[in-house]
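The next block is data34.csv, given as CSV, C-alpha atoms and all ligand atoms.
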chain,number,residue,atom,x,y,z
A,25,MET,CA,0.0,0.0,0.0
A,26,SER,CA,1.2,3.5,-0.8
A,27,GLU,CA,2.2,5.8,2.0
A,28,LEU,CA,3.3,9.5,2.3
A,29,SER,CA,7.0,10.2,2.0
A,30,VAL,CA,6.9,12.3,5.2
A,31,PRO,CA,6.0,11.8,8.9
A,32,HIS,CA,4.6,15.3,9.2
A,33,LEU,CA,2.8,17.8,6.9
A,34,LEU,CA,4.8,20.9,7.6
A,35,GLY,CA,4.5,22.5,4.1
A,36,ILE,CA,4.0,21.7,0.4
A,37,LYS,CA,7.7,22.4,0.1
A,38,TYR,CA,8.5,19.2,1.9
A,39,ILE,CA,6.2,16.8,-0.1
A,40,ASN,CA,6.2,15.6,-3.7
A,41,GLU,CA,3.8,15.1,-6.6
A,42,ALA,CA,3.2,11.4,-5.6
A,43,ASP,CA,2.2,12.5,-2.1
A,44,ILE,CA,-0.3,15.0,-3.5
A,45,GLN,CA,-1.9,12.4,-5.8
A,46,LEU,CA,-2.1,9.9,-2.9
A,47,ILE,CA,-3.8,12.5,-0.7
A,48,PHE,CA,-6.3,13.3,-3.5
A,49,GLU,CA,-7.1,9.6,-4.2
A,50,THR,CA,-7.6,9.1,-0.5
A,51,ALA,CA,-9.8,12.2,-0.3
A,52,ASP,CA,-12.0,10.9,-3.1
A,53,HIS,CA,-12.8,8.0,-0.9
A,54,PHE,CA,-13.5,10.1,2.1
A,55,LYS,CA,-15.6,12.6,0.1
A,56,GLU,CA,-17.9,9.8,-0.9
A,57,ILE,CA,-18.2,8.7,2.8
A,58,ILE,CA,-19.0,12.2,4.1
A,59,ASN,CA,-21.8,12.5,1.7
A,60,ARG,CA,-23.5,9.3,3.1
A,61,PRO,CA,-26.3,9.6,5.7
A,62,ILE,CA,-23.7,8.2,8.2
A,63,LYS,CA,-20.6,10.3,7.7
A,64,LYS,CA,-18.3,8.5,10.0
A,65,VAL,CA,-15.7,5.6,9.7
A,66,PRO,CA,-14.0,3.8,12.6
A,67,SER,CA,-10.5,4.1,11.0
A,68,LEU,CA,-8.7,6.2,13.8
A,69,ARG,CA,-10.5,4.9,17.0
A,70,ASP,CA,-7.0,4.4,18.5
A,71,ILE,CA,-5.6,7.8,17.7
A,72,THR,CA,-5.8,11.0,19.8
A,73,ILE,CA,-5.3,14.4,18.1
A,74,ALA,CA,-4.8,17.9,19.7
A,75,ASN,CA,-5.7,20.9,17.7
A,76,LEU,CA,-3.6,23.8,18.9
A,77,PHE,CA,-4.7,27.2,17.6
A,78,PHE,CA,-2.4,30.2,18.6
A,79,GLU,CA,-4.1,32.4,15.9
A,80,ASN,CA,-7.8,33.0,14.9
A,81,SER,CA,-9.5,30.5,12.5
A,82,THR,CA,-13.0,29.6,11.5
A,83,ARG,CA,-12.7,27.2,8.5
A,84,THR,CA,-9.4,25.4,9.2
A,85,ARG,CA,-10.2,24.8,12.9
A,86,LEU,CA,-13.7,23.4,12.3
A,87,SER,CA,-12.6,21.5,9.2
A,88,PHE,CA,-9.8,19.7,11.0
A,89,GLU,CA,-12.1,18.9,14.0
A,90,LEU,CA,-14.8,17.5,11.7
A,91,ALA,CA,-12.2,15.5,9.7
A,92,GLU,CA,-10.8,14.0,12.9
A,93,LYS,CA,-14.3,13.2,14.3
A,94,ARG,CA,-15.4,11.6,11.1
A,95,LEU,CA,-12.4,9.3,11.3
A,96,SER,CA,-13.4,8.5,14.9
A,97,ALA,CA,-10.3,9.9,16.5
A,98,ASP,CA,-10.4,11.3,20.0
A,99,VAL,CA,-10.0,15.1,19.8
A,100,VAL,CA,-8.9,17.8,22.2
A,101,ASN,CA,-8.9,21.5,21.3
A,102,PHE,CA,-6.6,24.1,22.6
A,103,SER,CA,-7.0,27.9,22.1
A,104,ALA,CA,-4.0,30.0,23.2
A,105,ALA,CA,-6.2,32.8,24.5
A,106,GLN,CA,-7.6,30.6,27.2
A,107,SER,CA,-4.4,28.7,28.0
A,108,SER,CA,-1.4,28.8,30.3
A,109,VAL,CA,0.6,30.3,27.4
A,110,LYS,CA,-0.8,33.6,28.9
A,111,LYS,CA,1.2,32.8,32.1
A,112,GLY,CA,4.5,32.5,30.1
A,113,GLU,CA,4.6,28.7,29.3
A,114,THR,CA,6.8,28.0,26.2
A,115,LEU,CA,5.6,26.2,23.1
A,116,ILE,CA,7.6,23.1,23.7
A,117,ASP,CA,6.5,22.9,27.4
A,118,THR,CA,2.9,23.4,26.4
A,119,VAL,CA,3.0,20.7,23.7
A,120,ASN,CA,5.0,18.2,25.8
A,121,ASN,CA,2.4,18.5,28.6
A,122,ILE,CA,-0.4,17.9,26.1
A,123,LEU,CA,1.5,14.9,24.6
A,124,SER,CA,2.0,13.3,28.1
A,125,MET,CA,-1.7,12.9,28.1
A,126,LYS,CA,-1.1,10.2,25.3
A,127,VAL,CA,-1.8,12.5,22.3
A,128,ASP,CA,-0.5,11.1,19.0
A,129,MET,CA,-0.8,14.0,16.6
A,130,VAL,CA,-0.8,17.8,16.8
A,131,VAL,CA,-2.5,20.1,14.3
A,132,MET,CA,-1.1,23.6,14.9
A,133,ARG,CA,-1.8,27.1,13.6
A,134,HIS,CA,0.8,29.6,14.9
A,135,PRO,CA,1.7,33.2,13.9
A,136,ASN,CA,5.4,32.5,13.6
A,137,PRO,CA,6.8,31.2,10.3
A,138,GLY,CA,8.5,27.8,10.9
A,139,ALA,CA,6.7,27.1,14.2
A,140,GLY,CA,5.6,23.6,12.9
A,141,VAL,CA,9.1,22.7,11.7
A,142,PHE,CA,10.5,23.8,15.1
A,143,LEU,CA,8.0,21.7,16.9
A,144,SER,CA,8.6,18.6,14.7
A,145,LYS,CA,12.3,18.7,15.7
A,146,ASN,CA,11.6,19.1,19.5
A,147,VAL,CA,8.6,16.8,20.3
A,148,LYS,CA,7.6,13.2,19.7
A,149,ALA,CA,4.3,13.5,17.7
A,150,SER,CA,3.2,13.8,14.1
A,151,ILE,CA,2.7,17.5,13.3
A,152,VAL,CA,0.3,19.1,10.8
A,153,ASN,CA,0.8,22.7,9.9
A,154,ALA,CA,-2.6,24.5,9.9
A,155,GLY,CA,-0.9,27.8,8.9
A,156,ASP,CA,2.3,29.3,10.2
A,157,GLY,CA,2.5,33.1,9.9
A,158,ALA,CA,3.1,34.2,6.3
A,159,HIS,CA,5.0,30.9,5.5
A,160,GLU,CA,2.7,28.0,4.5
A,161,HIS,CA,-0.8,26.7,4.8
A,162,PRO,CA,-0.4,23.3,3.2
A,163,THR,CA,-3.9,21.8,3.7
A,164,GLN,CA,-5.4,25.0,2.1
A,165,ALA,CA,-3.3,24.5,-1.0
A,166,LEU,CA,-4.2,20.8,-1.2
A,167,LEU,CA,-7.9,21.5,-0.9
A,168,ASP,CA,-7.6,24.3,-3.5
A,169,SER,CA,-5.9,22.0,-6.0
A,170,TYR,CA,-8.4,19.2,-5.2
A,171,SER,CA,-11.2,21.7,-6.0
A,172,ILE,CA,-9.6,22.7,-9.3
A,173,ARG,CA,-9.2,19.0,-10.2
A,174,GLU,CA,-12.9,18.4,-9.3
A,175,ARG,CA,-14.1,21.4,-11.4
A,176,LEU,CA,-11.7,21.2,-14.4
A,177,GLY,CA,-10.7,17.5,-14.4
A,178,ASP,CA,-7.0,18.1,-13.9
A,179,VAL,CA,-4.6,20.7,-12.5
A,180,ALA,CA,-1.7,20.0,-15.0
A,181,GLY,CA,-1.6,22.5,-17.8
A,182,LYS,CA,-4.1,24.9,-16.3
A,183,ASN,CA,-3.4,28.6,-16.1
A,184,VAL,CA,-3.9,29.8,-12.5
A,185,VAL,CA,-3.6,33.4,-11.3
A,186,ILE,CA,-3.3,34.2,-7.6
A,187,VAL,CA,-4.4,37.8,-7.0
A,188,GLY,CA,-3.8,40.1,-4.0
A,189,ASP,CA,-1.5,40.3,-1.1
A,190,ILE,CA,1.1,37.7,-2.1
A,191,LEU,CA,3.8,39.1,0.2
A,192,HIS,CA,2.0,38.2,3.4
A,193,SER,CA,0.1,35.1,2.2
A,194,ARG,CA,0.9,31.6,3.3
A,195,VAL,CA,-2.0,30.5,1.0
A,196,ALA,CA,-0.1,32.0,-2.0
A,197,LEU,CA,3.2,30.3,-1.2
A,198,SER,CA,1.7,26.8,-0.5
A,199,ASN,CA,-0.5,27.2,-3.7
A,200,ILE,CA,2.5,28.1,-5.8
A,201,PHE,CA,4.4,25.0,-4.6
A,202,ALA,CA,1.4,22.7,-5.1
A,203,LEU,CA,0.4,24.0,-8.5
A,204,LYS,CA,3.9,23.9,-9.9
A,205,LEU,CA,4.4,20.3,-8.6
A,206,GLN,CA,1.3,19.3,-10.5
A,207,GLY,CA,2.3,21.1,-13.8
A,208,ALA,CA,0.1,24.1,-13.7
A,209,ASN,CA,1.1,27.5,-15.1
A,210,VAL,CA,1.1,30.1,-12.3
A,211,LYS,CA,1.0,33.9,-12.4
A,212,VAL,CA,0.6,36.3,-9.4
A,213,CYS,CA,-1.2,39.6,-9.7
A,214,GLY,CA,-1.3,42.6,-7.4
A,215,PRO,CA,0.4,45.8,-6.5
A,216,LYS,CA,4.2,45.6,-6.9
A,217,THR,CA,4.6,46.4,-3.2
A,218,LEU,CA,2.7,43.3,-2.3
A,219,ILE,CA,4.7,40.9,-4.6
A,220,PRO,CA,8.0,39.6,-3.1
A,221,LYS,CA,11.0,40.0,-5.4
A,222,TYR,CA,12.0,36.3,-5.1
A,223,ILE,CA,8.6,35.1,-6.5
A,224,THR,CA,9.9,34.6,-10.1
A,225,SER,CA,12.6,32.2,-8.8
A,226,LEU,CA,9.7,29.9,-8.0
A,227,GLY,CA,8.8,29.6,-11.7
A,228,VAL,CA,5.9,32.1,-11.4
A,229,GLU,CA,5.2,35.1,-13.6
A,230,VAL,CA,4.1,38.5,-12.4
A,231,GLU,CA,1.2,40.5,-14.0
A,232,THR,CA,0.2,43.8,-12.4
A,233,ASN,CA,-3.0,44.3,-14.6
A,234,LEU,CA,-5.9,42.3,-13.3
A,235,GLN,CA,-7.9,42.4,-16.6
A,236,LYS,CA,-5.0,40.9,-18.5
A,237,ALA,CA,-4.5,38.3,-15.7
A,238,ILE,CA,-8.1,37.1,-16.0
A,239,GLU,CA,-7.9,37.0,-19.8
A,240,TRP,CA,-4.9,34.6,-19.4
A,241,CYS,CA,-6.2,32.3,-16.7
A,242,ASP,CA,-8.5,29.3,-16.3
A,243,VAL,CA,-8.7,29.9,-12.5
A,244,ALA,CA,-8.4,33.1,-10.4
A,245,ASN,CA,-7.7,32.6,-6.7
A,246,MET,CA,-8.6,35.9,-5.0
A,247,LEU,CA,-6.8,36.6,-1.7
A,248,ARG,CA,-7.7,39.2,0.9
A,249,ILE,CA,-5.3,41.9,2.1
A,250,GLN,CA,-3.8,40.5,5.3
A,251,ASN,CA,-4.4,43.7,7.3
A,252,GLU,CA,-3.3,42.0,10.5
A,253,ARG,CA,0.2,41.5,9.0
A,254,LEU,CA,0.7,44.9,7.4
A,255,ASP,CA,3.2,47.0,9.4
A,256,ILE,CA,3.2,49.9,6.9
A,257,SER,CA,0.9,51.1,4.1
A,258,TYR,CA,1.5,49.1,0.9
A,259,PHE,CA,-1.1,51.0,-1.3
A,260,PRO,CA,-2.6,54.5,-1.1
A,261,SER,CA,-6.1,53.5,0.1
A,262,THR,CA,-8.6,50.6,0.1
A,263,ARG,CA,-10.7,52.5,-2.5
A,264,GLU,CA,-7.7,52.6,-4.9
A,265,TYR,CA,-6.9,48.9,-4.3
A,266,VAL,CA,-10.5,48.0,-5.1
A,267,GLN,CA,-10.4,50.0,-8.3
A,268,GLN,CA,-7.3,48.2,-9.5
A,269,TYR,CA,-7.5,44.7,-8.0
A,270,GLY,CA,-11.1,44.1,-7.0
A,271,LEU,CA,-12.8,41.4,-9.2
A,272,THR,CA,-16.2,42.6,-10.5
A,273,LYS,CA,-19.0,41.0,-12.6
A,274,PRO,CA,-18.4,43.5,-15.6
A,275,MET,CA,-14.8,42.4,-15.8
A,276,LEU,CA,-15.9,38.7,-16.0
A,277,ASP,CA,-18.6,39.6,-18.6
A,278,ARG,CA,-15.9,41.1,-20.9
A,279,LEU,CA,-14.2,37.7,-21.2
A,280,ASP,CA,-15.0,35.3,-24.0
A,281,LYS,CA,-14.8,32.3,-21.6
A,282,GLU,CA,-15.9,31.4,-18.1
A,283,ILE,CA,-13.1,31.2,-15.6
A,284,VAL,CA,-13.3,29.5,-12.1
A,285,ILE,CA,-13.2,31.9,-9.1
A,286,MET,CA,-11.7,30.7,-5.9
A,287,HIS,CA,-11.1,32.3,-2.5
A,288,PRO,CA,-9.6,30.7,0.7
A,289,GLY,CA,-11.8,32.9,3.0
A,290,PRO,CA,-12.5,34.9,4.9
A,291,ILE,CA,-13.9,37.1,2.1
A,292,ASN,CA,-13.9,40.9,2.4
A,293,ARG,CA,-16.9,41.5,0.2
A,294,GLY,CA,-16.6,44.6,-2.0
A,295,VAL,CA,-12.8,44.7,-1.6
A,296,GLU,CA,-11.0,41.8,-3.4
A,297,ILE,CA,-14.3,40.4,-4.8
A,298,THR,CA,-17.8,41.8,-5.2
A,299,SER,CA,-20.8,39.9,-3.7
A,300,ASP,CA,-22.3,39.0,-7.1
A,301,VAL,CA,-19.0,37.4,-8.2
A,302,ALA,CA,-18.5,35.6,-4.8
A,303,ASP,CA,-22.0,34.2,-5.0
A,304,SER,CA,-22.0,33.3,-8.7
A,305,GLU,CA,-22.0,29.8,-10.3
A,306,GLN,CA,-18.4,30.5,-11.4
A,307,ALA,CA,-17.3,30.7,-7.8
A,308,ILE,CA,-16.3,27.4,-6.0
A,309,ILE,CA,-15.6,29.0,-2.7
A,310,LEU,CA,-18.0,26.8,-0.7
A,311,ASP,CA,-16.9,23.7,-2.6
A,312,GLN,CA,-13.4,24.5,-1.4
A,313,VAL,CA,-14.7,24.5,2.2
A,314,GLU,CA,-16.6,21.2,1.6
A,315,ASN,CA,-13.5,19.6,0.1
A,316,GLY,CA,-11.4,20.8,3.0
A,317,VAL,CA,-12.9,18.2,5.3
A,318,ALA,CA,-12.2,15.3,2.9
A,319,VAL,CA,-8.7,16.5,2.1
A,320,ARG,CA,-7.9,16.9,5.8
A,321,MET,CA,-9.4,13.4,6.6
A,322,ALA,CA,-7.0,12.1,3.9
A,323,VAL,CA,-3.9,13.9,5.4
A,324,ILE,CA,-4.7,12.8,9.0
A,325,TYR,CA,-5.5,9.2,7.9
A,326,LEU,CA,-2.3,8.9,5.9
A,327,LEU,CA,-0.1,10.4,8.6
A,328,ALA,CA,-1.7,8.3,11.3
A,329,SER,CA,-1.0,5.1,9.3
A,330,LYS,CA,2.7,6.0,9.7
A,331,ILE,CA,2.6,6.1,13.5
A,332,LYS,CA,0.4,3.0,14.1
B,1,LIG,N1,-8.8,29.7,4.8
B,1,LIG,C1,-8.5,29.8,6.1
B,1,LIG,O1,-7.4,29.4,6.6
B,1,LIG,O2,-9.5,30.3,6.9
B,1,LIG,P1,-9.5,30.4,8.5
B,1,LIG,O3,-8.5,31.5,8.8
B,1,LIG,O4,-10.9,30.8,8.9
B,1,LIG,O5,-9.1,29.1,9.0

In structure tokens, what does this structure look like?
Ligand code: CP
Amino acid sequence: MSELSVPHLLGIKYINEADIQLIFETADHFKEIINRPIKKVPSLRDITIANLFFENSTRTRLSFELAEKRLSADVVNFSAAQSSVKKGETLIDTVNNILSMKVDMVVMRHPNPGAGVFLSKNVKASIVNAGDGAHEHPTQALLDSYSIRERLGDVAGKNVVIVGDILHSRVALSNIFALKLQGANVKVCGPKTLIPKYITSLGVEVETNLQKAIEWCDVANMLRIQNERLDISYFPSTREYVQQYGLTKPMLDRLDKEIVIMHPGPINRGVEITSDVADSEQAIILDQVENGVAVRMAVIYLLASKIK
């Protein structure tokens, strides 16, 4: 039986194309199960998972918890705001205390880039990165590619543009790694101040004109401005950002084709995307959320099979 090449999921940077295809094939199986009247399988009855969230989340936290429960794992949830981290306890002490309660796997979101890698080197558990600062968000990129594959049949050869705040986006970086591994063509689009200079070294092209970008693409993945990570002003005003980089229905109507619209959420309606675009048939935003549960079930199941 096939298995993942890694004991942790720390980033797309650390996995390969075969890992992605194995996760997708496993997710296909779980997607069928979660659409049954009884959405649960007993696969991980002997596994205990701790979800550690040091940063806010709606989709990722609930999606992981549902994925774990649908695999029949025991689940404990930890939110930094209500924990002894507030009393000065270190990350390693916190996690080692949780692991001593016989926990097998840790799903962690943390504001510091590299927090998952650091943890994997210092504790004895399988670690899943649920977003580490502006670094990586691997399960988001996997569910995004899975959703493209579901809508368009394949990811290879597709033209995908990622629009918005590329500089501060873990979703952008993980998507770039995942899409390139699968043979997609990738462009990023946004104000030059929000596009890191190293981006072309990842095999990605830069387009600063949104209309040209959507004329080129099959898929547009719209990102929000990460206001919580902006230390300075990167564009004159939100109104000017909307004028240049907000996706509207008239822009889509000017195209001679129908492109797929994606967004990882949370959406800022009327900023990076208008409501009529977000709620249109072209948008697969809620499909992405639905697929997130199946993809995370696949990731957890495959990692758990390596620790059993
Ligand atoms: N897409 C995403 O990571 O959303 P949350 O921050 O709500 O988890």

With the cut-off set at 9 Å and counting all atoms listed in the file, tabulate each residue of chain A with an atom at most that distance from an atom of ligand LIG 1 (chain B), showing the nearest atom pair and its distance in Å to one decimal, ordered by chain and increasing number, as a Markdown table.
| residue | atom | partner | partner_atom | distance |
| --- | --- | --- | --- | --- |
| A:Glu79 | CA | B:LIG1 | O3 | 8.4 |
| A:Asn80 | CA | B:LIG1 | O3 | 6.3 |
| A:Ser81 | CA | B:LIG1 | O5 | 3.8 |
| A:Thr82 | CA | B:LIG1 | O4 | 3.6 |
| A:Arg83 | CA | B:LIG1 | O4 | 4.0 |
| A:Thr84 | CA | B:LIG1 | O5 | 3.7 |
| A:Arg85 | CA | B:LIG1 | O5 | 5.9 |
| A:Leu86 | CA | B:LIG1 | O5 | 8.0 |
| A:Ser87 | CA | B:LIG1 | O5 | 8.4 |
| A:Arg133 | CA | B:LIG1 | O5 | 8.9 |
| A:Ala154 | CA | B:LIG1 | O1 | 7.6 |
| A:Gly155 | CA | B:LIG1 | O1 | 7.1 |
| A:His161 | CA | B:LIG1 | O1 | 7.4 |
| A:Thr163 | CA | B:LIG1 | O1 | 8.9 |
| A:Gln164 | CA | B:LIG1 | N1 | 6.4 |
| A:Val195 | CA | B:LIG1 | N1 | 7.8 |
| A:His287 | CA | B:LIG1 | N1 | 8.1 |
| A:Pro288 | CA | B:LIG1 | N1 | 4.3 |
| A:Gly289 | CA | B:LIG1 | N1 | 4.7 |
| A:Pro290 | CA | B:LIG1 | O2 | 5.8 |
| A:Val313 | CA | B:LIG1 | N1 | 8.3 |

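For segment 282-285 of chain A, the non-local neighbours within 9 Å, defined as residues at least 4 positions apart in the same chain or in other chains and counting all atoms listed in the file, are A:Ile172, A:Arg175, A:Leu176, A:Ile238, A:Glu239, A:Cys241, A:Asp242, A:Val243, A:Ala244, A:Asn245, A:Met246, A:Leu276, A:Asp277, A:Val301, A:Ala302, A:Ser304, A:Glu305, A:Gln306, A:Ala307, A:Ile308, A:Ile309.
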
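Across A:Gly188, A:Gly270, A:Gly294, A:Gly227, the tightest approach to Cys213 of chain A is made by A:Gly188 when counting all atoms listed in the file.
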
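Picture a line from atom CA of Ala149 of chain A to atom CA of Ser26 of chain A; it runs 21.3 Å.
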
Check: If you count only C-alpha atoms, which residues fall within 7 Å of Gln312 of chain A, apart from same-chain ones fewer than 4 positions away, as a ChimeraX atom specification?
Finding: /A:167-168,171,308,316

Item checked: Non-local contacts of Tyr269 of chain A (7 Å; all atoms listed in the file; under 4 positions in same chain excluded) as a ChimeraX atom specification -> /A:214,234,265,296

Notebook entry, point to check: Nearest to Val185 of chain A among A:Lys93, A:Ile122, A:Met286, A:Lys216, with distances taken over all atoms listed in the file: which residue is it?
Noted result: A:Met286

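Between Val131 of chain A and the candidates A:Gln250, A:Thr114, A:Asn101, A:Ser108, the tightest atom-to-atom separation, counting all atoms listed in the file, involves A:Asn101.
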
Item checked: All residues 10 Å or closer to Gly138 of chain A, all atoms listed in the file, same chain fewer than 6 positions away omitted, as a VMD selection string -> chain A and resid 34 to 35 144 153 155 to 160

Note to self: Which residues are near Glu41 of chain A? Cut-off 8 Å, all atoms listed in the file, ignore same chain within fewer than 4 positions. Put them as a PyMOL selection string.
What the structure shows: chain A and resi 45+205-206

Please, could you write that set of residues out with C-alpha atoms as a compact mmCIF listing (two decimals), in the frame of the given file?
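Everything below was put into result35.txt:
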# COMPACT_ATOMS: atom_id res chain seq x y z
CA GLN A 45 -1.90 12.40 -5.80
CA LEU A 205 4.40 20.30 -8.60
CA GLN A 206 1.30 19.30 -10.50

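Each of A:Val210, A:Ala180, A:Val187, A:Val323 was compared to Thr232 of chain A using all atoms listed in the file, and A:Val187 turns out to be the nearest.
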
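Distances from A:Phe77, A:Phe201, A:Phe48, A:Tyr222 to Ser107 of chain A were compared using only C-alpha atoms, and the smallest one belongs to A:Phe77.
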
Missing atoms of segment 131-139 of chain A rebuilt to all heavy atoms, written as a PDB file, keeping the file's coordinate frame:
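File rebuild_13.pdb, as written:
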ATOM      1  N   VAL A 131      -2.179  19.193  15.434  1.00  0.00           N
ATOM      2  CA  VAL A 131      -2.500  20.100  14.300  1.00  0.00           C
ATOM      3  C   VAL A 131      -2.304  21.512  14.908  1.00  0.00           C
ATOM      4  O   VAL A 131      -2.908  21.849  15.928  1.00  0.00           O
ATOM      5  CB  VAL A 131      -3.957  19.918  13.867  1.00  0.00           C
ATOM      6  CG1 VAL A 131      -4.334  20.977  12.840  1.00  0.00           C
ATOM      7  CG2 VAL A 131      -4.162  18.518  13.309  1.00  0.00           C
ATOM      8  N   MET A 132      -1.445  22.304  14.289  1.00  0.00           N
ATOM      9  CA  MET A 132      -1.100  23.600  14.900  1.00  0.00           C
ATOM     10  C   MET A 132      -1.204  24.764  13.924  1.00  0.00           C
ATOM     11  O   MET A 132      -0.621  24.717  12.836  1.00  0.00           O
ATOM     12  CB  MET A 132       0.272  23.575  15.522  1.00  0.00           C
ATOM     13  CG  MET A 132       0.600  24.887  16.265  1.00  0.00           C
ATOM     14  SD  MET A 132       2.153  24.833  17.170  1.00  0.00           S
ATOM     15  CE  MET A 132       3.336  24.946  15.843  1.00  0.00           C
ATOM     16  N   ARG A 133      -1.903  25.808  14.329  1.00  0.00           N
ATOM     17  CA  ARG A 133      -1.800  27.100  13.600  1.00  0.00           C
ATOM     18  C   ARG A 133      -1.047  28.053  14.586  1.00  0.00           C
ATOM     19  O   ARG A 133      -1.346  28.112  15.781  1.00  0.00           O
ATOM     20  CB  ARG A 133      -3.189  27.695  13.352  1.00  0.00           C
ATOM     21  CG  ARG A 133      -3.099  29.153  12.871  1.00  0.00           C
ATOM     22  CD  ARG A 133      -4.364  29.659  12.270  1.00  0.00           C
ATOM     23  NE  ARG A 133      -4.612  29.032  10.976  1.00  0.00           N
ATOM     24  CZ  ARG A 133      -5.562  29.454  10.133  1.00  0.00           C
ATOM     25  NH1 ARG A 133      -6.321  30.483  10.440  1.00  0.00           N
ATOM     26  NH2 ARG A 133      -5.728  28.854   8.971  1.00  0.00           N
ATOM     27  N   HIS A 134      -0.065  28.763  14.014  1.00  0.00           N
ATOM     28  CA  HIS A 134       0.800  29.600  14.900  1.00  0.00           C
ATOM     29  C   HIS A 134       1.180  30.860  14.056  1.00  0.00           C
ATOM     30  O   HIS A 134       1.386  30.767  12.840  1.00  0.00           O
ATOM     31  CB  HIS A 134       2.047  28.820  15.266  1.00  0.00           C
ATOM     32  CG  HIS A 134       2.739  29.381  16.462  1.00  0.00           C
ATOM     33  ND1 HIS A 134       3.566  30.479  16.378  1.00  0.00           N
ATOM     34  CD2 HIS A 134       2.709  28.996  17.765  1.00  0.00           C
ATOM     35  CE1 HIS A 134       4.035  30.748  17.599  1.00  0.00           C
ATOM     36  NE2 HIS A 134       3.530  29.860  18.452  1.00  0.00           N
ATOM     37  N   PRO A 135       1.299  32.022  14.701  1.00  0.00           N
ATOM     38  CA  PRO A 135       1.700  33.200  13.900  1.00  0.00           C
ATOM     39  C   PRO A 135       3.108  33.259  13.452  1.00  0.00           C
ATOM     40  O   PRO A 135       3.435  34.038  12.550  1.00  0.00           O
ATOM     41  CB  PRO A 135       1.416  34.379  14.938  1.00  0.00           C
ATOM     42  CG  PRO A 135       1.431  33.744  16.281  1.00  0.00           C
ATOM     43  CD  PRO A 135       0.982  32.327  16.099  1.00  0.00           C
ATOM     44  N   ASN A 136       3.984  32.409  14.018  1.00  0.00           N
ATOM     45  CA  ASN A 136       5.400  32.500  13.600  1.00  0.00           C
ATOM     46  C   ASN A 136       5.732  31.523  12.497  1.00  0.00           C
ATOM     47  O   ASN A 136       5.513  30.308  12.608  1.00  0.00           O
ATOM     48  CB  ASN A 136       6.298  32.107  14.837  1.00  0.00           C
ATOM     49  CG  ASN A 136       6.210  33.128  15.943  1.00  0.00           C
ATOM     50  OD1 ASN A 136       5.617  34.198  15.765  1.00  0.00           O
ATOM     51  ND2 ASN A 136       6.758  32.798  17.094  1.00  0.00           N
ATOM     52  N   PRO A 137       6.328  32.044  11.387  1.00  0.00           N
ATOM     53  CA  PRO A 137       6.800  31.200  10.300  1.00  0.00           C
ATOM     54  C   PRO A 137       7.765  30.137  10.821  1.00  0.00           C
ATOM     55  O   PRO A 137       8.673  30.482  11.571  1.00  0.00           O
ATOM     56  CB  PRO A 137       7.440  32.128   9.308  1.00  0.00           C
ATOM     57  CG  PRO A 137       6.972  33.493   9.678  1.00  0.00           C
ATOM     58  CD  PRO A 137       6.663  33.461  11.143  1.00  0.00           C
ATOM     59  N   GLY A 138       7.585  28.872  10.449  1.00  0.00           N
ATOM     60  CA  GLY A 138       8.500  27.800  10.900  1.00  0.00           C
ATOM     61  C   GLY A 138       8.173  27.199  12.224  1.00  0.00           C
ATOM     62  O   GLY A 138       8.891  26.308  12.688  1.00  0.00           O
ATOM     63  N   ALA A 139       7.067  27.607  12.847  1.00  0.00           N
ATOM     64  CA  ALA A 139       6.700  27.100  14.200  1.00  0.00           C
ATOM     65  C   ALA A 139       6.496  25.543  14.092  1.00  0.00           C
ATOM     66  O   ALA A 139       6.905  24.805  14.996  1.00  0.00           O
ATOM     67  CB  ALA A 139       5.470  27.755  14.718  1.00  0.00           C
TER      68      ALA A 139
END
